[in-house]
>>> print(open('protein25.cif').read())   # mmCIF, N, CA and C atoms
data_structure
#
loop_
_atom_site.label_atom_id
_atom_site.label_comp_id
_atom_site.auth_asym_id
_atom_site.auth_seq_id
_atom_site.Cartn_x
_atom_site.Cartn_y
_atom_site.Cartn_z
N MET N 1 57.90 98.67 98.93
CA MET N 1 57.60 97.26 99.00
C MET N 1 57.62 96.61 97.61
N ALA N 2 57.62 97.42 96.57
CA ALA N 2 57.61 96.86 95.22
C ALA N 2 58.85 96.03 94.94
N ALA N 3 59.96 96.36 95.58
CA ALA N 3 61.22 95.64 95.34
C ALA N 3 61.36 94.40 96.21
N LEU N 4 60.43 94.18 97.14
CA LEU N 4 60.51 93.03 98.05
C LEU N 4 60.21 91.75 97.29
N LYS N 5 61.13 90.80 97.37
CA LYS N 5 60.98 89.54 96.65
C LYS N 5 61.44 88.38 97.52
N ALA N 6 60.95 87.21 97.20
CA ALA N 6 61.43 86.00 97.88
C ALA N 6 62.93 85.89 97.66
N GLY N 7 63.63 85.48 98.71
CA GLY N 7 65.08 85.36 98.64
C GLY N 7 65.81 86.54 99.24
N ALA N 8 65.10 87.65 99.50
CA ALA N 8 65.73 88.83 100.09
C ALA N 8 66.22 88.53 101.51
N ALA N 9 67.32 89.13 101.89
CA ALA N 9 67.86 88.95 103.23
C ALA N 9 67.01 89.71 104.24
N ALA N 10 66.88 89.14 105.46
CA ALA N 10 66.09 89.78 106.51
C ALA N 10 66.81 89.61 107.85
N GLU N 11 66.64 90.60 108.70
CA GLU N 11 67.19 90.56 110.06
C GLU N 11 66.01 90.66 111.01
N VAL N 12 65.95 89.74 111.98
CA VAL N 12 64.81 89.66 112.88
C VAL N 12 65.27 89.85 114.32
N THR N 13 64.55 90.70 115.05
CA THR N 13 64.77 90.85 116.49
C THR N 13 63.46 90.56 117.20
N LEU N 14 63.56 90.04 118.42
CA LEU N 14 62.37 89.71 119.19
C LEU N 14 62.42 90.40 120.54
N ASN N 15 61.28 90.87 121.00
CA ASN N 15 61.20 91.51 122.32
C ASN N 15 61.61 90.53 123.42
N ALA N 16 61.35 89.25 123.22
CA ALA N 16 61.66 88.24 124.24
C ALA N 16 63.16 88.06 124.43
N TYR N 17 63.97 88.40 123.42
CA TYR N 17 65.42 88.22 123.49
C TYR N 17 66.12 89.52 123.11
N PRO N 18 66.09 90.52 123.99
CA PRO N 18 66.71 91.81 123.66
C PRO N 18 68.19 91.65 123.36
N GLY N 19 68.64 92.40 122.35
CA GLY N 19 70.04 92.39 121.98
C GLY N 19 70.45 91.25 121.05
N GLU N 20 69.54 90.32 120.78
CA GLU N 20 69.87 89.21 119.88
C GLU N 20 69.23 89.44 118.52
N LYS N 21 69.90 88.96 117.48
CA LYS N 21 69.40 89.10 116.11
C LYS N 21 69.49 87.76 115.40
N TRP N 22 68.55 87.51 114.53
CA TRP N 22 68.57 86.34 113.67
C TRP N 22 68.56 86.83 112.23
N THR N 23 69.27 86.14 111.37
CA THR N 23 69.22 86.49 109.96
C THR N 23 68.61 85.33 109.19
N GLY N 24 67.84 85.69 108.20
CA GLY N 24 67.18 84.68 107.39
C GLY N 24 66.88 85.22 106.01
N ARG N 25 66.02 84.52 105.30
CA ARG N 25 65.63 84.90 103.93
C ARG N 25 64.12 84.90 103.81
N VAL N 26 63.61 85.86 103.05
CA VAL N 26 62.18 85.93 102.77
C VAL N 26 61.83 84.74 101.88
N SER N 27 60.78 84.00 102.28
CA SER N 27 60.36 82.86 101.45
C SER N 27 59.05 83.15 100.73
N VAL N 28 58.16 83.93 101.36
CA VAL N 28 56.86 84.23 100.76
C VAL N 28 56.50 85.68 101.04
N VAL N 29 55.97 86.35 100.02
CA VAL N 29 55.46 87.71 100.17
C VAL N 29 53.99 87.66 99.78
N SER N 30 53.12 88.13 100.67
CA SER N 30 51.69 88.11 100.40
C SER N 30 51.37 88.92 99.15
N GLY N 31 50.33 88.50 98.45
CA GLY N 31 49.94 89.20 97.23
C GLY N 31 49.03 90.38 97.47
N ALA N 32 48.63 90.60 98.73
CA ALA N 32 47.69 91.70 99.01
C ALA N 32 48.02 92.36 100.35
N VAL N 33 47.74 93.64 100.43
CA VAL N 33 47.91 94.40 101.67
C VAL N 33 46.63 94.25 102.49
N ASP N 34 46.78 94.03 103.80
CA ASP N 34 45.61 93.95 104.68
C ASP N 34 44.99 95.34 104.74
N PRO N 35 43.72 95.50 104.34
CA PRO N 35 43.12 96.84 104.29
C PRO N 35 42.92 97.47 105.66
N ASN N 36 42.81 96.66 106.72
CA ASN N 36 42.60 97.20 108.07
C ASN N 36 43.89 97.70 108.71
N THR N 37 44.94 96.95 108.54
CA THR N 37 46.21 97.32 109.20
C THR N 37 47.21 97.96 108.25
N ARG N 38 46.93 97.90 106.95
CA ARG N 38 47.84 98.41 105.92
C ARG N 38 49.21 97.74 106.02
N THR N 39 49.19 96.44 106.30
CA THR N 39 50.43 95.67 106.40
C THR N 39 50.46 94.59 105.31
N LEU N 40 51.64 94.11 105.05
CA LEU N 40 51.86 93.07 104.07
C LEU N 40 52.49 91.89 104.80
N ASP N 41 51.89 90.72 104.66
CA ASP N 41 52.45 89.54 105.32
C ASP N 41 53.67 89.05 104.55
N VAL N 42 54.74 88.75 105.31
CA VAL N 42 55.98 88.25 104.75
C VAL N 42 56.43 87.09 105.62
N ARG N 43 56.80 85.97 104.99
CA ARG N 43 57.31 84.82 105.74
C ARG N 43 58.82 84.81 105.58
N VAL N 44 59.52 84.74 106.73
CA VAL N 44 60.98 84.70 106.75
C VAL N 44 61.41 83.36 107.33
N ILE N 45 62.29 82.68 106.64
CA ILE N 45 62.83 81.41 107.12
C ILE N 45 64.07 81.71 107.95
N LEU N 46 64.05 81.24 109.21
CA LEU N 46 65.15 81.50 110.15
C LEU N 46 65.65 80.19 110.75
N PRO N 47 66.92 80.14 111.10
CA PRO N 47 67.37 79.01 111.90
C PRO N 47 66.78 79.14 113.31
N ASN N 48 66.45 78.04 113.93
CA ASN N 48 65.85 78.07 115.26
C ASN N 48 66.51 77.04 116.17
N PRO N 49 67.83 77.20 116.42
CA PRO N 49 68.49 76.23 117.30
C PRO N 49 67.93 76.35 118.71
N GLY N 50 67.74 75.21 119.33
CA GLY N 50 67.19 75.20 120.69
C GLY N 50 65.70 75.51 120.73
N LEU N 51 65.08 75.67 119.59
CA LEU N 51 63.64 75.95 119.48
C LEU N 51 63.21 77.12 120.35
N ARG N 52 64.01 78.17 120.37
CA ARG N 52 63.71 79.36 121.17
C ARG N 52 62.63 80.23 120.54
N LEU N 53 62.49 80.18 119.23
CA LEU N 53 61.47 80.97 118.55
C LEU N 53 60.16 80.20 118.57
N LYS N 54 59.10 80.87 119.00
CA LYS N 54 57.79 80.23 119.17
C LYS N 54 56.75 80.96 118.31
N PRO N 55 55.68 80.25 117.93
CA PRO N 55 54.60 80.90 117.19
C PRO N 55 54.02 82.07 117.98
N ASP N 56 53.61 83.11 117.28
CA ASP N 56 52.95 84.29 117.83
C ASP N 56 53.85 85.18 118.70
N MET N 57 55.17 84.99 118.67
CA MET N 57 56.07 85.91 119.36
C MET N 57 56.09 87.21 118.56
N PHE N 58 56.20 88.34 119.27
CA PHE N 58 56.28 89.63 118.59
C PHE N 58 57.70 89.84 118.09
N ALA N 59 57.82 90.12 116.80
CA ALA N 59 59.14 90.30 116.19
C ALA N 59 59.15 91.54 115.32
N THR N 60 60.33 92.09 115.16
CA THR N 60 60.55 93.19 114.22
C THR N 60 61.44 92.63 113.12
N VAL N 61 61.00 92.80 111.87
CA VAL N 61 61.74 92.30 110.73
C VAL N 61 62.29 93.49 109.95
N ARG N 62 63.57 93.45 109.73
CA ARG N 62 64.23 94.49 108.93
C ARG N 62 64.69 93.83 107.64
N LEU N 63 64.17 94.32 106.53
CA LEU N 63 64.53 93.76 105.24
C LEU N 63 65.80 94.44 104.75
N LEU N 64 66.77 93.64 104.39
CA LEU N 64 68.07 94.16 104.00
C LEU N 64 68.16 94.16 102.48
N ARG N 65 68.34 95.33 101.92
CA ARG N 65 68.52 95.43 100.48
C ARG N 65 69.34 96.66 100.19
N SER N 66 70.01 96.60 99.07
CA SER N 66 70.84 97.71 98.65
C SER N 66 69.95 98.78 98.03
N SER N 67 70.27 100.04 98.31
CA SER N 67 69.50 101.13 97.71
C SER N 67 70.11 101.56 96.38
N THR N 68 71.25 100.98 96.03
CA THR N 68 71.88 101.29 94.76
C THR N 68 72.23 99.99 94.04
N GLN N 69 72.45 100.10 92.76
CA GLN N 69 72.88 98.94 92.00
C GLN N 69 74.33 99.12 91.64
N GLY N 70 75.08 98.05 91.76
CA GLY N 70 76.48 98.12 91.43
C GLY N 70 77.04 96.72 91.30
N ILE N 71 78.32 96.65 91.06
CA ILE N 71 79.03 95.38 90.90
C ILE N 71 80.07 95.32 92.01
N LEU N 72 80.11 94.21 92.74
CA LEU N 72 81.12 94.04 93.78
C LEU N 72 82.35 93.37 93.19
N VAL N 73 83.51 93.95 93.47
CA VAL N 73 84.78 93.37 93.05
C VAL N 73 85.70 93.34 94.26
N PRO N 74 86.69 92.45 94.26
CA PRO N 74 87.64 92.44 95.38
C PRO N 74 88.37 93.79 95.46
N ALA N 75 88.62 94.25 96.67
CA ALA N 75 89.32 95.52 96.87
C ALA N 75 90.70 95.47 96.21
N THR N 76 91.28 94.29 96.10
CA THR N 76 92.60 94.15 95.48
C THR N 76 92.57 94.40 93.98
N ALA N 77 91.38 94.46 93.38
CA ALA N 77 91.25 94.71 91.93
C ALA N 77 91.28 96.19 91.60
N ILE N 78 91.19 97.05 92.61
CA ILE N 78 91.10 98.49 92.39
C ILE N 78 92.48 99.12 92.43
N GLY N 79 92.79 99.87 91.39
CA GLY N 79 94.01 100.68 91.36
C GLY N 79 93.61 102.13 91.58
N ARG N 80 94.51 102.91 92.15
CA ARG N 80 94.19 104.32 92.42
C ARG N 80 95.38 105.19 92.03
N GLU N 81 95.04 106.31 91.42
CA GLU N 81 96.02 107.37 91.15
C GLU N 81 95.34 108.68 91.49
N GLY N 82 95.74 109.28 92.58
CA GLY N 82 95.08 110.50 93.04
C GLY N 82 93.63 110.19 93.37
N ALA N 83 92.72 110.96 92.76
CA ALA N 83 91.29 110.77 93.00
C ALA N 83 90.67 109.79 92.01
N THR N 84 91.46 109.24 91.11
CA THR N 84 90.95 108.34 90.08
C THR N 84 91.11 106.89 90.50
N ALA N 85 90.03 106.12 90.31
CA ALA N 85 90.08 104.68 90.57
C ALA N 85 89.92 103.96 89.23
N TYR N 86 90.57 102.81 89.10
CA TYR N 86 90.50 102.07 87.85
C TYR N 86 90.63 100.58 88.11
N VAL N 87 90.22 99.79 87.12
CA VAL N 87 90.43 98.35 87.10
C VAL N 87 91.02 98.00 85.74
N PHE N 88 91.62 96.82 85.64
CA PHE N 88 92.08 96.32 84.36
C PHE N 88 91.11 95.24 83.90
N VAL N 89 90.61 95.41 82.68
CA VAL N 89 89.65 94.49 82.09
C VAL N 89 90.39 93.65 81.06
N GLY N 90 90.21 92.33 81.12
CA GLY N 90 90.84 91.43 80.15
C GLY N 90 90.22 91.61 78.78
N LYS N 91 91.09 91.72 77.77
CA LYS N 91 90.64 91.88 76.38
C LYS N 91 90.94 90.64 75.54
N GLY N 92 91.38 89.57 76.19
CA GLY N 92 91.72 88.35 75.48
C GLY N 92 93.22 88.19 75.38
N GLY N 93 93.67 86.95 75.47
CA GLY N 93 95.11 86.70 75.43
C GLY N 93 95.79 87.37 76.60
N ASP N 94 96.88 88.09 76.29
CA ASP N 94 97.62 88.80 77.33
C ASP N 94 97.36 90.29 77.26
N LYS N 95 96.22 90.70 76.77
CA LYS N 95 95.91 92.12 76.59
C LYS N 95 94.90 92.56 77.65
N PHE N 96 95.17 93.76 78.20
CA PHE N 96 94.30 94.32 79.23
C PHE N 96 94.04 95.78 78.92
N GLU N 97 92.88 96.23 79.31
CA GLU N 97 92.50 97.63 79.13
C GLU N 97 92.27 98.25 80.51
N ARG N 98 92.89 99.38 80.73
CA ARG N 98 92.66 100.12 81.97
C ARG N 98 91.34 100.86 81.83
N ARG N 99 90.44 100.66 82.81
CA ARG N 99 89.13 101.28 82.74
C ARG N 99 88.86 102.07 84.03
N GLU N 100 88.57 103.35 83.88
CA GLU N 100 88.25 104.20 85.02
C GLU N 100 86.87 103.81 85.54
N VAL N 101 86.74 103.73 86.87
CA VAL N 101 85.49 103.32 87.50
C VAL N 101 85.11 104.29 88.61
N THR N 102 83.84 104.29 88.95
CA THR N 102 83.34 105.06 90.09
C THR N 102 83.07 104.09 91.22
N LEU N 103 83.61 104.38 92.40
CA LEU N 103 83.47 103.49 93.54
C LEU N 103 82.26 103.85 94.39
N GLY N 104 81.66 102.81 94.94
CA GLY N 104 80.55 102.98 95.88
C GLY N 104 80.99 102.55 97.26
N ARG N 105 80.16 101.75 97.90
CA ARG N 105 80.42 101.31 99.27
C ARG N 105 81.48 100.21 99.32
N THR N 106 82.08 100.07 100.49
CA THR N 106 82.96 98.95 100.77
C THR N 106 82.17 97.94 101.59
N VAL N 107 82.17 96.69 101.14
CA VAL N 107 81.44 95.62 101.82
C VAL N 107 82.44 94.51 102.12
N ASN N 108 82.82 94.39 103.38
CA ASN N 108 83.85 93.45 103.81
C ASN N 108 85.14 93.71 103.01
N ASP N 109 85.59 92.74 102.22
CA ASP N 109 86.82 92.90 101.44
C ASP N 109 86.53 93.24 99.98
N ASP N 110 85.31 93.66 99.69
CA ASP N 110 84.91 94.00 98.33
C ASP N 110 84.55 95.48 98.24
N VAL N 111 84.59 95.99 97.01
CA VAL N 111 84.23 97.38 96.75
C VAL N 111 83.16 97.38 95.66
N GLU N 112 82.17 98.21 95.85
CA GLU N 112 81.10 98.33 94.86
C GLU N 112 81.54 99.27 93.74
N ILE N 113 81.33 98.84 92.50
CA ILE N 113 81.58 99.68 91.33
C ILE N 113 80.23 100.16 90.84
N THR N 114 80.00 101.47 90.86
CA THR N 114 78.68 102.00 90.47
C THR N 114 78.64 102.42 89.01
N SER N 115 79.79 102.64 88.38
CA SER N 115 79.81 102.92 86.94
C SER N 115 81.21 102.65 86.39
N GLY N 116 81.25 102.38 85.09
CA GLY N 116 82.51 102.17 84.41
C GLY N 116 82.83 100.71 84.13
N LEU N 117 81.99 99.79 84.63
CA LEU N 117 82.24 98.37 84.45
C LEU N 117 80.92 97.67 84.17
N SER N 118 80.94 96.77 83.20
CA SER N 118 79.73 96.02 82.84
C SER N 118 79.69 94.69 83.58
N PRO N 119 78.49 94.21 83.93
CA PRO N 119 78.39 92.88 84.54
C PRO N 119 78.98 91.83 83.59
N GLY N 120 79.71 90.90 84.16
CA GLY N 120 80.31 89.84 83.36
C GLY N 120 81.69 90.16 82.83
N ALA N 121 82.15 91.38 83.01
CA ALA N 121 83.50 91.75 82.54
C ALA N 121 84.53 90.95 83.33
N VAL N 122 85.58 90.52 82.66
CA VAL N 122 86.66 89.79 83.31
C VAL N 122 87.71 90.81 83.73
N ILE N 123 87.97 90.87 85.04
CA ILE N 123 88.91 91.86 85.55
C ILE N 123 90.09 91.17 86.24
N VAL N 124 91.16 91.91 86.37
CA VAL N 124 92.33 91.45 87.12
C VAL N 124 92.03 91.69 88.59
N SER N 125 92.11 90.64 89.41
CA SER N 125 91.75 90.80 90.81
C SER N 125 92.95 90.94 91.74
N GLU N 126 94.13 90.58 91.28
CA GLU N 126 95.34 90.73 92.09
C GLU N 126 96.50 91.16 91.19
N GLY N 127 97.45 91.88 91.75
CA GLY N 127 98.61 92.29 90.98
C GLY N 127 98.37 93.50 90.11
N VAL N 128 97.40 94.33 90.49
CA VAL N 128 97.06 95.51 89.69
C VAL N 128 98.25 96.46 89.57
N LEU N 129 99.00 96.65 90.64
CA LEU N 129 100.15 97.56 90.59
C LEU N 129 101.23 97.04 89.64
N LEU N 130 101.46 95.74 89.64
CA LEU N 130 102.45 95.16 88.73
C LEU N 130 102.00 95.32 87.28
N LEU N 131 100.71 95.12 87.04
CA LEU N 131 100.19 95.28 85.68
C LEU N 131 100.27 96.74 85.25
N ARG N 132 99.94 97.65 86.16
CA ARG N 132 100.04 99.07 85.86
C ARG N 132 101.45 99.44 85.45
N ASP N 133 102.43 98.99 86.22
CA ASP N 133 103.83 99.28 85.92
C ASP N 133 104.23 98.68 84.57
N SER N 134 103.75 97.49 84.28
CA SER N 134 104.06 96.82 83.01
C SER N 134 103.47 97.57 81.84
N VAL N 135 102.24 98.04 81.97
CA VAL N 135 101.57 98.78 80.91
C VAL N 135 102.26 100.11 80.67
N GLN N 136 102.68 100.80 81.74
CA GLN N 136 103.36 102.09 81.62
C GLN N 136 104.71 101.93 80.92
N GLN N 137 105.41 100.82 81.15
CA GLN N 137 106.70 100.60 80.50
C GLN N 137 106.54 100.33 79.01
N GLN N 138 105.36 99.84 78.58
CA GLN N 138 105.13 99.53 77.18
C GLN N 138 104.70 100.75 76.37
N LEU N 139 104.32 101.84 77.06
CA LEU N 139 103.87 103.04 76.35
C LEU N 139 105.06 103.70 75.64
N PRO N 140 104.84 104.27 74.43
CA PRO N 140 105.95 104.91 73.70
C PRO N 140 106.43 106.18 74.37
#
>>> encode(input="protein25.cif", output="structure tokens")
Amino acid sequence: MAALKAGAAAEVTLNAYPGEKWTGRVSVVSGAVDPNTRTLDVRVILPNPGLRLKPDMFATVRLLRSSTQGILVPATAIGREGATAYVFVGKGGDKFERREVTLGRTVNDDVEITSGLSPGAVIVSEGVLLLRDSVQQQLP
């Protein structure tokens, strides 16, 4: 619970509506654990179209957070040669550096980089194969 903060994504299910899920964001995290129930109060802001959600309904809240830290980049930014993955990092002007990276999870059309890339690095997001071929032709 130490990592729980306002703004975290949450998924809510209710016994009254089996099979349905609502997604929202944590807005408030209580500053103290209830000593009797050993629970922590959390307020989640949810859309409520049709006013189907009512006060005191029993709900299960699943807090969504990553268990690892990484950088998400478009899948099109990743080059591969055998078991090696790499990206091209801009070095200014028309210069690029090939940087080996370690891949994590795939999230939609993005890939998590768990090592080898610093936050804020400018990378090539499309045309990696063309750049690779161009760099290889320039080698002595």
>>> resolve_selection(input="protein25.cif", expression="the PyMOL selection byres (((chain N and resi 109 and name CA) around 12) and name CA)", output="mmCIF file with N, CA and C atoms, keeping the file's coordinate frame")
data_model
loop_
_atom_site.group_PDB
_atom_site.id
_atom_site.type_symbol
_atom_site.label_atom_id
_atom_site.label_comp_id
_atom_site.auth_asym_id
_atom_site.auth_seq_id
_atom_site.Cartn_x
_atom_site.Cartn_y
_atom_site.Cartn_z
ATOM 1 N N LEU N 72 80.110 94.210 92.740
ATOM 2 C CA LEU N 72 81.120 94.040 93.780
ATOM 3 C C LEU N 72 82.350 93.370 93.190
ATOM 4 N N VAL N 73 83.510 93.950 93.470
ATOM 5 C CA VAL N 73 84.780 93.370 93.050
ATOM 6 C C VAL N 73 85.700 93.340 94.260
ATOM 7 N N PRO N 74 86.690 92.450 94.260
ATOM 8 C CA PRO N 74 87.640 92.440 95.380
ATOM 9 C C PRO N 74 88.370 93.790 95.460
ATOM 10 N N ALA N 75 88.620 94.250 96.670
ATOM 11 C CA ALA N 75 89.320 95.520 96.870
ATOM 12 C C ALA N 75 90.700 95.470 96.210
ATOM 13 N N THR N 76 91.280 94.290 96.100
ATOM 14 C CA THR N 76 92.600 94.150 95.480
ATOM 15 C C THR N 76 92.570 94.400 93.980
ATOM 16 N N ALA N 77 91.380 94.460 93.380
ATOM 17 C CA ALA N 77 91.250 94.710 91.930
ATOM 18 C C ALA N 77 91.280 96.190 91.600
ATOM 19 N N ILE N 78 91.190 97.050 92.610
ATOM 20 C CA ILE N 78 91.100 98.490 92.390
ATOM 21 C C ILE N 78 92.480 99.120 92.430
ATOM 22 N N ARG N 105 80.160 101.750 97.900
ATOM 23 C CA ARG N 105 80.420 101.310 99.270
ATOM 24 C C ARG N 105 81.480 100.210 99.320
ATOM 25 N N THR N 106 82.080 100.070 100.490
ATOM 26 C CA THR N 106 82.960 98.950 100.770
ATOM 27 C C THR N 106 82.170 97.940 101.590
ATOM 28 N N VAL N 107 82.170 96.690 101.140
ATOM 29 C CA VAL N 107 81.440 95.620 101.820
ATOM 30 C C VAL N 107 82.440 94.510 102.120
ATOM 31 N N ASN N 108 82.820 94.390 103.380
ATOM 32 C CA ASN N 108 83.850 93.450 103.810
ATOM 33 C C ASN N 108 85.140 93.710 103.010
ATOM 34 N N ASP N 110 85.310 93.660 99.690
ATOM 35 C CA ASP N 110 84.910 94.000 98.330
ATOM 36 C C ASP N 110 84.550 95.480 98.240
ATOM 37 N N VAL N 111 84.590 95.990 97.010
ATOM 38 C CA VAL N 111 84.230 97.380 96.750
ATOM 39 C C VAL N 111 83.160 97.380 95.660
ATOM 40 N N GLU N 112 82.170 98.210 95.850
ATOM 41 C CA GLU N 112 81.100 98.330 94.860
ATOM 42 C C GLU N 112 81.540 99.270 93.740
ATOM 43 N N SER N 125 92.110 90.640 89.410
ATOM 44 C CA SER N 125 91.750 90.800 90.810
ATOM 45 C C SER N 125 92.950 90.940 91.740
#
>>> resolve_selection(input="protein25.cif", expression="the PyMOL selection byres ((chain N and resi 24) around 6.5)", output="PyMOL selection string")
chain N and resi 8-12+22-23+25-26+44-47
>>> select_by_dssp(input="protein25.cif", residues="chain N", states="helix (DSSP H, G or I)", output="VMD selection string")
chain N and resid 49 to 51 75 to 77 128 to 138
>>> resolve_selection(input="protein25.cif", expression="the PyMOL selection byres (((chain N and resi 115-120 and name CA) around 12) and name CA)", output="list in words")
Thr68, Gln69, Gly70, Ile71, Leu72, Val73, Ile78, Thr84, Ala85, Tyr86, Val87, Phe88, Val89, Gly90, Glu97, Arg98, Arg99, Glu100, Val101, Thr102, Leu103, Gly104, Glu112, Ile113, Thr114, Ala121, Val122 and Ile123 of chain N
>>> closest_residue(input="protein25.cif", among="N:Arg62, N:Lys95, N:Arg43, N:Arg52", to="Thr13 (chain N)", atoms="all atoms listed in the file")
N:Arg62
>>> atom_distance(input="protein25.cif", atom1="atom N of Asn15 (chain N)", atom2="atom N of Met57 (chain N)")
8.8 Å
>>> atom_distance(input="protein25.cif", atom1="CA of Gly82 (chain N)", atom2="CA of Leu130 (chain N)")
17.6 Å
>>> atom_distance(input="protein25.cif", atom1="CA of Glu81 (chain N)", atom2="CA of Gly127 (chain N)")
15.3 Å
>>> select_by_dssp(input="protein25.cif", residues="chain N", states="strand (DSSP E)", output="MDAnalysis selection string")
chainID N and resid 9:14 22:33 40:45 59:64 71:74 79:81 84:92 95:107 110:115
>>> residues_around(input="protein25.cif", residues="Val29 (chain N)", least_positions_apart="2", cutoff="6.5 Å", atoms="all atoms listed in the file", output="number ranges by chain")
N: 5-6, 26-27, 31-32, 41-43
>>> axis_aligned_box(input="protein25.cif", around="region 95-99 of chain N", padding_each_side="5 Å", output="AutoDock Vina command-line options")
--center_x 92.5 --center_y 96.4 --center_z 80.3 --size_x 17.4 --size_y 21.4 --size_z 17.4
